[in-house]
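*Asks:* Sharing input_12.pdb (PDB, C-alpha atoms) below.
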MODEL        1
ATOM      1  CA  MET A1145     137.600 111.140 110.626
ATOM      2  CA  THR A1146     134.575 111.231 112.883
ATOM      3  CA  THR A1147     130.954 110.395 112.288
ATOM      4  CA  LEU A1148     128.051 112.818 112.551
ATOM      5  CA  GLU A1149     127.666 111.842 116.206
ATOM      6  CA  GLY A1150     131.317 112.560 117.008
ATOM      7  CA  THR A1151     132.638 109.014 117.493
ATOM      8  CA  PRO A1152     135.601 107.600 115.542
ATOM      9  CA  ASN A1153     134.771 106.089 112.181
ATOM     10  CA  PRO A1154     136.562 102.701 111.885
ATOM     11  CA  GLU A1155     138.873 102.293 108.915
ATOM     12  CA  ALA A1156     137.429  98.863 108.104
ATOM     13  CA  PRO A1157     133.647  98.420 107.723
ATOM     14  CA  ASN A1158     131.915  96.360 110.383
ATOM     15  CA  PRO A1159     129.206  94.221 108.749
ATOM     16  CA  GLN A1160     128.021  93.125 112.208
ATOM     17  CA  LEU A1161     126.387  96.478 112.945
ATOM     18  CA  PRO A1162     122.648  96.331 112.154
ATOM     19  CA  ILE A1163     120.663  98.890 110.189
ATOM     20  CA  VAL A1164     118.690 101.047 112.620
ATOM     21  CA  GLN A1165     117.599 103.779 110.203
ATOM     22  CA  LYS A1166     117.050 104.124 106.471
ATOM     23  CA  LEU A1167     117.384 107.464 104.738
ATOM     24  CA  ARG A1168     116.065 108.339 101.295
ATOM     25  CA  ILE A1169     118.014 110.867  99.278
ATOM     26  CA  ARG A1170     117.118 113.033  96.310
ATOM     27  CA  TYR A1171     120.061 114.388  94.338
ATOM     28  CA  ALA A1172     120.626 116.381  91.160
ATOM     29  CA  LYS A1173     123.055 116.140  88.228
ATOM     30  CA  ARG A1174     123.673 119.613  86.852
ATOM     31  CA  GLY A1175     125.837 121.346  84.265
ATOM     32  CA  ARG A1176     128.766 119.341  82.954
ATOM     33  CA  LEU A1177     128.186 116.690  85.616
ATOM     34  CA  ARG A1178     125.197 115.477  83.589
ATOM     35  CA  PHE A1179     127.778 113.431  81.671
ATOM     36  CA  THR A1180     128.541 111.484  84.850
ATOM     37  CA  SER A1181     127.604 107.837  84.377
ATOM     38  CA  HIS A1182     125.721 105.930  87.055
ATOM     39  CA  ARG A1183     128.898 104.027  87.935
ATOM     40  CA  ASP A1184     130.893 107.262  88.225
ATOM     41  CA  PHE A1185     128.257 108.759  90.513
ATOM     42  CA  ALA A1186     128.230 105.637  92.690
ATOM     43  CA  ARG A1187     131.985 105.920  93.189
ATOM     44  CA  ALA A1188     131.740 109.637  93.954
ATOM     45  CA  PHE A1189     128.911 109.057  96.426
ATOM     46  CA  GLU A1190     130.805 106.314  98.289
ATOM     47  CA  ARG A1191     133.823 108.619  98.581
ATOM     48  CA  ALA A1192     131.529 111.355  99.916
ATOM     49  CA  VAL A1193     130.136 108.940 102.525
ATOM     50  CA  ARG A1194     133.665 108.186 103.726
ATOM     51  CA  ARG A1195     134.729 111.846 103.792
ATOM     52  CA  ALA A1196     131.607 112.918 105.670
ATOM     53  CA  GLY A1197     131.952 110.121 108.220
ATOM     54  CA  ILE A1198     128.395 108.898 107.665
ATOM     55  CA  PRO A1199     127.695 105.822 109.872
ATOM     56  CA  ILE A1200     126.557 103.695 106.965
ATOM     57  CA  ALA A1201     125.881  99.966 107.270
ATOM     58  CA  PHE A1202     127.805  97.378 105.253
ATOM     59  CA  SER A1203     126.928  94.028 103.778
ATOM     60  CA  SER A1204     128.415  90.853 105.189
ATOM     61  CA  GLY A1205     130.735  88.561 103.292
ATOM     62  CA  PHE A1206     134.345  88.550 102.136
ATOM     63  CA  THR A1207     134.075  92.020 100.534
ATOM     64  CA  PRO A1208     131.628  94.216 102.477
ATOM     65  CA  HIS A1209     129.856  96.913 100.486
ATOM     66  CA  PRO A1210     128.031  99.977 101.819
ATOM     67  CA  LYS A1211     124.254  99.598 102.001
ATOM     68  CA  ILE A1212     123.237 101.902  99.147
ATOM     69  CA  SER A1213     120.267 101.216  96.873
ATOM     70  CA  TYR A1214     119.822 103.226  93.682
ATOM     71  CA  ALA A1215     116.467 103.731  91.959
ATOM     72  CA  ASN A1216     115.932 104.333  88.246
ATOM     73  CA  ALA A1217     119.020 106.367  87.403
ATOM     74  CA  SER A1218     118.856 108.759  84.443
ATOM     75  CA  PRO A1219     120.873 107.985  81.291
ATOM     76  CA  THR A1220     124.395 109.375  80.910
ATOM     77  CA  GLY A1221     124.293 112.831  79.338
ATOM     78  CA  ALA A1222     120.919 113.764  80.804
ATOM     79  CA  ALA A1223     120.715 116.366  83.546
ATOM     80  CA  SER A1224     118.346 115.698  86.415
ATOM     81  CA  GLU A1225     116.754 117.387  89.385
ATOM     82  CA  ALA A1226     115.203 114.158  90.665
ATOM     83  CA  GLU A1227     117.514 111.172  91.167
ATOM     84  CA  TYR A1228     116.962 108.897  94.163
ATOM     85  CA  LEU A1229     118.813 106.470  96.393
ATOM     86  CA  GLU A1230     118.454 104.923  99.846
ATOM     87  CA  ILE A1231     121.115 104.235 102.487
ATOM     88  CA  GLY A1232     121.129 102.092 105.621
ATOM     89  CA  MET A1233     122.516 103.657 108.822
ATOM     90  CA  THR A1234     124.015 101.984 111.884
ATOM     91  CA  ARG A1235     122.997 104.931 114.097
ATOM     92  CA  ARG A1236     120.121 107.363 113.900
ATOM     93  CA  CYS A1237     121.082 110.725 112.389
ATOM     94  CA  ASP A1238     119.222 113.905 111.604
ATOM     95  CA  PRO A1239     118.371 113.870 107.871
ATOM     96  CA  ASP A1240     119.232 117.577 107.492
ATOM     97  CA  ASP A1241     122.696 117.002 108.990
ATOM     98  CA  VAL A1242     123.297 114.083 106.640
ATOM     99  CA  ARG A1243     122.234 116.171 103.650
ATOM    100  CA  ALA A1244     124.564 119.032 104.561
ATOM    101  CA  SER A1245     127.546 116.750 105.245
ATOM    102  CA  LEU A1246     127.184 114.702 102.067
ATOM    103  CA  ASP A1247     126.471 117.734  99.891
ATOM    104  CA  ALA A1248     129.659 119.402 101.098
ATOM    105  CA  ALA A1249     131.648 116.239 100.278
ATOM    106  CA  LEU A1250     130.308 115.881  96.718
ATOM    107  CA  PRO A1251     131.667 117.857  93.732
ATOM    108  CA  ASP A1252     129.714 120.870  92.494
ATOM    109  CA  GLY A1253     127.100 119.698  90.032
ATOM    110  CA  LEU A1254     126.287 116.574  92.027
ATOM    111  CA  ASP A1255     124.030 118.177  94.591
ATOM    112  CA  LEU A1256     121.929 116.699  97.390
ATOM    113  CA  VAL A1257     118.473 118.244  97.286
ATOM    114  CA  ASP A1258     116.553 116.437 100.020
ATOM    115  CA  VAL A1259     116.944 113.706 102.652
ATOM    116  CA  VAL A1260     114.082 112.073 104.561
ATOM    117  CA  GLU A1261     113.767 109.131 106.920
ATOM    118  CA  ALA A1262     112.323 106.149 105.087
ATOM    119  CA  ARG A1263     108.915 104.835 106.094
ATOM    120  CA  PRO A1264     107.379 101.461 105.134
ATOM    121  CA  GLY A1265     107.025 100.753 101.442
ATOM    122  CA  ALA A1266     109.552 100.417  98.633
ATOM    123  CA  LEU A1267     110.793 103.665  97.131
ATOM    124  CA  ALA A1268     111.035 102.091  93.669
ATOM    125  CA  ASP A1269     107.299 101.351  93.709
ATOM    126  CA  ARG A1270     106.569 105.082  93.986
ATOM    127  CA  LEU A1271     108.638 106.019  90.938
ATOM    128  CA  GLU A1272     105.901 105.439  88.379
ATOM    129  CA  ALA A1273     106.646 108.215  85.876
ATOM    130  CA  SER A1274     109.063 110.998  84.992
ATOM    131  CA  SER A1275     108.624 114.568  83.829
ATOM    132  CA  TRP A1276     111.281 115.689  81.333
ATOM    133  CA  GLU A1277     112.223 118.952  79.670
ATOM    134  CA  ILE A1278     114.156 118.627  76.404
ATOM    135  CA  ALA A1279     115.803 121.685  74.857
ATOM    136  CA  LEU A1280     116.225 121.542  71.070
ATOM    137  CA  PRO A1281     118.687 124.289  70.037
ATOM    138  CA  GLY A1282     118.339 125.305  66.412
ATOM    139  CA  VAL A1283     114.814 123.888  66.089
ATOM    140  CA  ALA A1284     111.991 126.326  65.369
ATOM    141  CA  PRO A1285     109.053 125.935  67.787
ATOM    142  CA  GLU A1286     106.664 125.617  64.825
ATOM    143  CA  HIS A1287     108.633 122.647  63.494
ATOM    144  CA  ALA A1288     108.637 121.000  66.928
ATOM    145  CA  GLN A1289     104.908 121.623  67.387
ATOM    146  CA  SER A1290     104.129 120.021  64.036
ATOM    147  CA  ALA A1291     106.154 116.932  64.986
ATOM    148  CA  VAL A1292     104.435 116.750  68.388
ATOM    149  CA  GLU A1293     100.980 116.876  66.821
ATOM    150  CA  ALA A1294     101.863 114.093  64.387
ATOM    151  CA  PHE A1295     103.312 111.976  67.211
ATOM    152  CA  LEU A1296     100.246 112.378  69.438
ATOM    153  CA  ALA A1297      97.906 111.565  66.551
ATOM    154  CA  THR A1298      99.628 108.202  66.011
ATOM    155  CA  GLU A1299      98.531 105.178  68.055
ATOM    156  CA  GLU A1300     101.866 103.358  67.769
ATOM    157  CA  VAL A1301     105.343 104.757  67.144
ATOM    158  CA  LEU A1302     107.966 102.047  66.778
ATOM    159  CA  ILE A1303     111.647 102.733  67.314
ATOM    160  CA  GLU A1304     114.735 100.554  67.512
ATOM    161  CA  ARG A1305     117.220 100.520  70.372
ATOM    162  CA  MET A1306     120.405  98.515  70.723
ATOM    163  CA  MET A1307     120.295  96.629  74.021
ATOM    164  CA  LYS A1308     122.518  94.038  75.684
ATOM    165  CA  ARG A1309     120.799  91.208  73.834
ATOM    166  CA  GLY A1310     120.761  92.981  70.498
ATOM    167  CA  LEU A1311     118.498  95.315  68.565
ATOM    168  CA  ARG A1312     114.987  95.602  69.977
ATOM    169  CA  THR A1313     111.853  97.299  68.672
ATOM    170  CA  LEU A1314     109.910  99.407  71.186
ATOM    171  CA  ASP A1315     106.651 101.359  71.055
ATOM    172  CA  CYS A1316     107.595 104.747  72.463
ATOM    173  CA  ARG A1317     104.116 106.219  71.925
ATOM    174  CA  ASP A1318     102.434 104.029  74.547
ATOM    175  CA  ALA A1319     104.634 105.312  77.396
ATOM    176  CA  VAL A1320     104.234 109.025  76.582
ATOM    177  CA  LEU A1321     101.400 110.414  78.716
ATOM    178  CA  ALA A1322     101.831 114.099  77.845
ATOM    179  CA  LEU A1323     103.875 115.965  75.258
ATOM    180  CA  SER A1324     103.946 119.630  74.273
ATOM    181  CA  ALA A1325     106.273 122.145  72.632
ATOM    182  CA  ARG A1326     107.017 125.796  73.328
ATOM    183  CA  SER A1327     109.615 128.415  72.495
ATOM    184  CA  ASP A1328     112.580 129.328  74.704
ATOM    185  CA  GLU A1329     112.629 133.117  74.596
ATOM    186  CA  THR A1330     115.876 133.329  76.606
ATOM    187  CA  ARG A1331     118.112 131.872  73.885
ATOM    188  CA  MET A1332     119.658 133.541  70.880
ATOM    189  CA  GLY A1333     118.295 131.912  67.763
ATOM    190  CA  PRO A1334     115.504 129.349  67.502
ATOM    191  CA  CYS A1335     115.117 126.833  70.306
ATOM    192  CA  ALA A1336     112.121 124.626  71.024
ATOM    193  CA  ILE A1337     111.438 123.168  74.450
ATOM    194  CA  LEU A1338     109.603 119.857  74.776
ATOM    195  CA  ALA A1339     107.727 119.013  77.976
ATOM    196  CA  VAL A1340     107.249 115.255  78.294
ATOM    197  CA  VAL A1341     105.676 112.983  80.905
ATOM    198  CA  VAL A1342     106.700 109.351  80.449
ATOM    199  CA  ARG A1343     105.360 106.319  82.298
ATOM    200  CA  HIS A1344     108.053 103.968  83.617
ATOM    201  CA  ASP A1345     107.806 100.725  81.679
ATOM    202  CA  THR A1346     110.191  97.816  81.230
ATOM    203  CA  PRO A1347     112.328  98.648  79.366
ATOM    204  CA  SER A1348     111.931 102.334  80.156
ATOM    205  CA  ILE A1349     111.412 104.875  77.386
ATOM    206  CA  ARG A1350     114.153 107.499  77.509
ATOM    207  CA  PRO A1351     114.265 111.053  76.105
ATOM    208  CA  ASP A1352     116.300 109.942  73.098
ATOM    209  CA  ASP A1353     113.620 107.332  72.365
ATOM    210  CA  VAL A1354     110.962 110.068  72.333
ATOM    211  CA  LEU A1355     113.111 112.131  69.953
ATOM    212  CA  ALA A1356     113.553 109.095  67.707
ATOM    213  CA  GLY A1357     109.777 108.666  67.695
ATOM    214  CA  LEU A1358     109.257 112.329  66.833
ATOM    215  CA  ARG A1359     111.683 111.962  63.960
ATOM    216  CA  SER A1360     110.008 108.850  62.544
ATOM    217  CA  SER A1361     106.382 109.951  63.010
ATOM    218  CA  GLY A1362     106.619 113.724  62.658
ATOM    219  CA  GLY A1363     109.806 114.380  60.687
ATOM    220  CA  LEU A1364     111.600 116.205  63.508
ATOM    221  CA  GLU A1365     115.115 117.137  62.422
ATOM    222  CA  LEU A1366     117.748 118.149  64.983
ATOM    223  CA  GLU A1367     120.468 120.613  64.066
ATOM    224  CA  GLN A1368     122.295 120.536  67.402
ATOM    225  CA  THR A1369     122.645 118.186  70.361
ATOM    226  CA  PRO A1370     119.480 118.182  72.505
ATOM    227  CA  ILE A1371     119.717 118.691  76.264
ATOM    228  CA  ALA A1372     117.347 116.607  78.389
ATOM    229  CA  THR A1373     116.625 117.399  82.040
ATOM    230  CA  ARG A1374     114.526 115.239  84.337
ATOM    231  CA  LEU A1375     112.468 117.628  86.437
ATOM    232  CA  ALA A1376     110.612 115.072  88.542
ATOM    233  CA  GLN A1377     109.946 111.391  89.001
ATOM    234  CA  GLY A1378     107.457 109.855  91.373
ATOM    235  CA  PRO A1379     103.863 108.652  91.699
ATOM    236  CA  LEU A1380     101.643 109.259  88.685
ATOM    237  CA  ASP A1381      98.333 111.098  88.997
ATOM    238  CA  THR A1382      96.357 109.375  86.255
ATOM    239  CA  GLU A1383      93.646 112.050  86.231
ATOM    240  CA  THR A1384      95.955 115.014  85.668
ATOM    241  CA  GLY A1385      98.912 113.222  84.095
ATOM    242  CA  THR A1386     101.287 114.883  86.552
ATOM    243  CA  VAL A1387     104.153 113.445  88.604
ATOM    244  CA  GLY A1388     104.040 113.727  92.398
ATOM    245  CA  ASP A1389     106.590 113.748  95.227
ATOM    246  CA  PRO A1390     107.786 110.236  96.189
ATOM    247  CA  PHE A1391     108.820 111.534  99.628
ATOM    248  CA  ALA A1392     105.343 112.860 100.496
ATOM    249  CA  PHE A1393     104.371 109.722 102.441
ATOM    250  CA  ASP A1394     107.669 109.722 104.378
ATOM    251  CA  ARG A1395     107.135 113.347 105.406
ATOM    252  CA  ASP A1396     103.506 112.789 106.370
ATOM    253  CA  ALA A1397     104.425 109.771 108.472
ATOM    254  CA  SER A1398     107.068 111.815 110.279
TER     255      SER A1398
ENDMDL
END
What would you get if you wrote out this structure as structure tokens?

*Replies:*
Amino acid sequence: MTTLEGTPNPEAPNPQLPIVQKLRIRYAKRGRLRFTSHRDFARAFERAVRRAGIPIAFSSGFTPHPKISYANASPTGAASEAEYLEIGMTRRCDPDDVRASLDAALPDGLDLVDVVEARPGALADRLEASSWEIALPGVAPEHAQSAVEAFLATEEVLIERMMKRGLRTLDCRDAVLALSARSDETRMGPCAILAVVVRHDTPSIRPDDVLAGLRSSGGLELEQTPIATRLAQGPLDTETGTVGDPFAFDRDAS
């Protein structure tokens, strides 16, 4: 196997090679691959790095690991058009070449959307909010709209979530910056579509938390399994309530 620059890729990682370039990657989870867990994706991505011969840097120590940093991964079962990670490179490479090589090495449904060279500043600090679309098959748009109006009219919507340290009560209303409902005219039978913008808090409020809040505050009843898709995550425009591009600064600096 050879690297992008045509030199042999050593079988064993060399932790002595320094990082000379950082690349930021946006990828998508589509179709059935939305059920891929974060751990499963990490394994698939590391295999893709090896197959593509990417000159990635490794940590030092007894068991070197590739220099890959993940940021705010979506929950298992949710599709996404905006997942992010960062890799350290031992040689400078063209971001477009890296995107093409890695995308070809990943299975269909795990797709690389964009690669940019990282500029100063932490990527995680730019991921302030997410924009979600949640399809509710079998739910009439009027029913969804009624639940949305009740949710937005309530100052606090408490839900319970089982976490590592036990059951915890969260206010899902505080994190929701925008919420609306519409009809999906492309489906057979009733189907409501929720558009949600959620601020990233600790712990983060997930799509299923919003649905739990809609059920408790607005009586939303689900007949079929909802399908959540993250459309964007990035810096929050507080005036418009929209989510921007976290790579904008990296592109401008280039």

*Asks:* Quick one: residues within 12 Å of range 1202-1210 of chain A, only C-alpha atoms, excluding same-chain residues fewer than 5 positions away - as a PyMOL selection string?

*Replies:* chain A and resi 1156-1163+1186-1187+1189-1191+1193-1194+1230-1234

*Asks:* Could you check the closest approach to Ala1339 in chain A for each of A:Ala1288, A:Val1301, A:Val1242, A:Ile1212 and tell me which residue wins, using only C-alpha atoms?

*Replies:*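 Of A:Ala1288, A:Val1301, A:Val1242, A:Ile1212, the one nearest Ala1339 in chain A, counting only C-alpha atoms, is A:Ala1288.
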
*Asks:* Could you tell me how far CA of Glu1227 in chain A lies from CA of Val1342 in chain A, in Å and to one decimal?

*Replies:*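 Straight-line distance from CA of Glu1227 in chain A to CA of Val1342 in chain A works out to 15.3 Å.
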
*Asks:* Expanded to explicit residues, what is the PyMOL selection byres ((chain A and resi 1250-1259) around 10) for this file, as a PyMOL selection string?

*Replies:* chain A and resi 1167-1178+1180+1185+1188-1193+1195-1196+1223-1230+1238-1249+1260-1262+1391

*Asks:* Just checking: using only C-alpha atoms, which residue out of A:Arg1374, A:Arg1183, A:Arg1235, A:Lys1308 ends up closest to Trp1276 in chain A?

*Replies:*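 Looking only at the distances to Trp1276 in chain A, the closest residue turns out to be A:Arg1374.
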
*Asks:* At what distance in Å, to one decimal, does CA of Val1341 in chain A lie from CA of Pro1370 in chain A?

*Replies:* 17.0 Å

*Asks:* Which residues, protein or nucleic acid, reach to within 7 Å of (112.7, 104.7, 90.2) in the file's coordinates when using all atoms listed in the file, and can you give that as a ChimeraX atom specification?

*Replies:* /A:1215-1216,1268,1271

*Asks:* Selection in question (the file shown): the PyMOL selection byres ((chain A and resi 1299) around 10). Which residues does it include, as a list in words?

*Replies:*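 Written out, the selection comes to Phe1295, Leu1296, Ala1297, Thr1298, Glu1300, Val1301, Asp1315, Arg1317 and Asp1318 of chain A.
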
*Asks:* Just the selected residues (C-alpha atoms), exported as a PDB file, in the frame of the given file, please.

*Replies:*
ATOM      1  CA  PHE A1295     103.312 111.976  67.211  1.00  0.00           C
ATOM      2  CA  LEU A1296     100.246 112.378  69.438  1.00  0.00           C
ATOM      3  CA  ALA A1297      97.906 111.565  66.551  1.00  0.00           C
ATOM      4  CA  THR A1298      99.628 108.202  66.011  1.00  0.00           C
ATOM      5  CA  GLU A1300     101.866 103.358  67.769  1.00  0.00           C
ATOM      6  CA  VAL A1301     105.343 104.757  67.144  1.00  0.00           C
ATOM      7  CA  ASP A1315     106.651 101.359  71.055  1.00  0.00           C
ATOM      8  CA  ARG A1317     104.116 106.219  71.925  1.00  0.00           C
ATOM      9  CA  ASP A1318     102.434 104.029  74.547  1.00  0.00           C
TER      10      ASP A1318
END

*Asks:* With distances taken over all atoms listed in the file, which of A:Ala1397, A:Leu1323, A:Gly1282, A:Leu1311 is nearest to Gly1385 in chain A?

*Replies:*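 Nearest to Gly1385 in chain A: A:Leu1323.
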
*Asks:* Give me the residues near Gln1368 in chain A as an MDAnalysis selection string, where near means some atom within 9 Å (using only C-alpha atoms) and where sequence neighbours in that chain fewer than 6 positions away do not count.

*Replies:* chainID A and resid 1280:1283

*Asks:* If the box runs along x, y and z of the file and leaves 4 Å on each side of range 1346-1363 of chain A, what are its centre and edge lengths in Å, one decimal, as lines of an AutoDock Vina configuration file?

*Replies:*
center_x = 111.3
center_y = 106.1
center_z = 71.0
size_x = 17.9
size_y = 24.6
size_z = 28.5

*Asks:* Can you take the partial range 1156-1171 of chain A, add N, CA, C and O atoms, and return it as a PDB file, keeping the file's coordinate frame?

*Replies:*
ATOM      1  N   ALA A1156     138.024 100.014 108.773  1.00  0.00           N
ATOM      2  CA  ALA A1156     137.429  98.863 108.104  1.00  0.00           C
ATOM      3  C   ALA A1156     135.949  98.798 108.443  1.00  0.00           C
ATOM      4  O   ALA A1156     135.553  98.994 109.589  1.00  0.00           O
ATOM      5  N   PRO A1157     135.077  98.513 107.450  1.00  0.00           N
ATOM      6  CA  PRO A1157     133.647  98.420 107.723  1.00  0.00           C
ATOM      7  C   PRO A1157     133.339  97.247 108.639  1.00  0.00           C
ATOM      8  O   PRO A1157     134.003  96.216 108.596  1.00  0.00           O
ATOM      9  N   ASN A1158     132.332  97.422 109.467  1.00  0.00           N
ATOM     10  CA  ASN A1158     131.915  96.360 110.383  1.00  0.00           C
ATOM     11  C   ASN A1158     130.545  95.859 109.959  1.00  0.00           C
ATOM     12  O   ASN A1158     129.531  96.488 110.251  1.00  0.00           O
ATOM     13  N   PRO A1159     130.489  94.712 109.238  1.00  0.00           N
ATOM     14  CA  PRO A1159     129.206  94.221 108.749  1.00  0.00           C
ATOM     15  C   PRO A1159     128.307  93.695 109.860  1.00  0.00           C
ATOM     16  O   PRO A1159     127.155  93.342 109.603  1.00  0.00           O
ATOM     17  N   GLN A1160     128.832  93.629 111.107  1.00  0.00           N
ATOM     18  CA  GLN A1160     128.021  93.125 112.208  1.00  0.00           C
ATOM     19  C   GLN A1160     127.037  94.163 112.736  1.00  0.00           C
ATOM     20  O   GLN A1160     126.074  93.825 113.424  1.00  0.00           O
ATOM     21  N   LEU A1161     127.264  95.440 112.435  1.00  0.00           N
ATOM     22  CA  LEU A1161     126.387  96.478 112.945  1.00  0.00           C
ATOM     23  C   LEU A1161     125.076  96.475 112.160  1.00  0.00           C
ATOM     24  O   LEU A1161     125.081  96.530 110.932  1.00  0.00           O
ATOM     25  N   PRO A1162     123.933  96.415 112.854  1.00  0.00           N
ATOM     26  CA  PRO A1162     122.648  96.331 112.154  1.00  0.00           C
ATOM     27  C   PRO A1162     122.201  97.690 111.632  1.00  0.00           C
ATOM     28  O   PRO A1162     122.663  98.742 112.083  1.00  0.00           O
ATOM     29  N   ILE A1163     121.279  97.668 110.691  1.00  0.00           N
ATOM     30  CA  ILE A1163     120.663  98.890 110.189  1.00  0.00           C
ATOM     31  C   ILE A1163     119.577  99.324 111.170  1.00  0.00           C
ATOM     32  O   ILE A1163     118.668  98.565 111.476  1.00  0.00           O
ATOM     33  N   VAL A1164     119.687 100.534 111.682  1.00  0.00           N
ATOM     34  CA  VAL A1164     118.690 101.047 112.620  1.00  0.00           C
ATOM     35  C   VAL A1164     117.878 102.193 112.024  1.00  0.00           C
ATOM     36  O   VAL A1164     116.879 102.623 112.601  1.00  0.00           O
ATOM     37  N   GLN A1165     118.294 102.670 110.855  1.00  0.00           N
ATOM     38  CA  GLN A1165     117.599 103.779 110.203  1.00  0.00           C
ATOM     39  C   GLN A1165     117.894 103.733 108.704  1.00  0.00           C
ATOM     40  O   GLN A1165     119.015 103.437 108.293  1.00  0.00           O
ATOM     41  N   LYS A1166     116.866 103.998 107.908  1.00  0.00           N
ATOM     42  CA  LYS A1166     117.050 104.124 106.471  1.00  0.00           C
ATOM     43  C   LYS A1166     116.722 105.552 106.054  1.00  0.00           C
ATOM     44  O   LYS A1166     115.709 106.103 106.473  1.00  0.00           O
ATOM     45  N   LEU A1167     117.589 106.117 105.235  1.00  0.00           N
ATOM     46  CA  LEU A1167     117.384 107.464 104.738  1.00  0.00           C
ATOM     47  C   LEU A1167     117.226 107.424 103.224  1.00  0.00           C
ATOM     48  O   LEU A1167     117.963 106.699 102.533  1.00  0.00           O
ATOM     49  N   ARG A1168     116.281 108.218 102.723  1.00  0.00           N
ATOM     50  CA  ARG A1168     116.065 108.339 101.295  1.00  0.00           C
ATOM     51  C   ARG A1168     116.572 109.695 100.827  1.00  0.00           C
ATOM     52  O   ARG A1168     116.307 110.708 101.473  1.00  0.00           O
ATOM     53  N   ILE A1169     117.287 109.680  99.731  1.00  0.00           N
ATOM     54  CA  ILE A1169     118.014 110.867  99.278  1.00  0.00           C
ATOM     55  C   ILE A1169     117.601 111.221  97.851  1.00  0.00           C
ATOM     56  O   ILE A1169     117.534 110.348  96.984  1.00  0.00           O
ATOM     57  N   ARG A1170     117.329 112.501  97.657  1.00  0.00           N
ATOM     58  CA  ARG A1170     117.118 113.033  96.310  1.00  0.00           C
ATOM     59  C   ARG A1170     118.336 113.876  95.947  1.00  0.00           C
ATOM     60  O   ARG A1170     118.749 114.731  96.725  1.00  0.00           O
ATOM     61  N   TYR A1171     118.902 113.619  94.770  1.00  0.00           N
ATOM     62  CA  TYR A1171     120.061 114.388  94.338  1.00  0.00           C
ATOM     63  C   TYR A1171     119.884 114.841  92.896  1.00  0.00           C
ATOM     64  O   TYR A1171     119.000 114.365  92.171  1.00  0.00           O
TER      65      TYR A1171
END
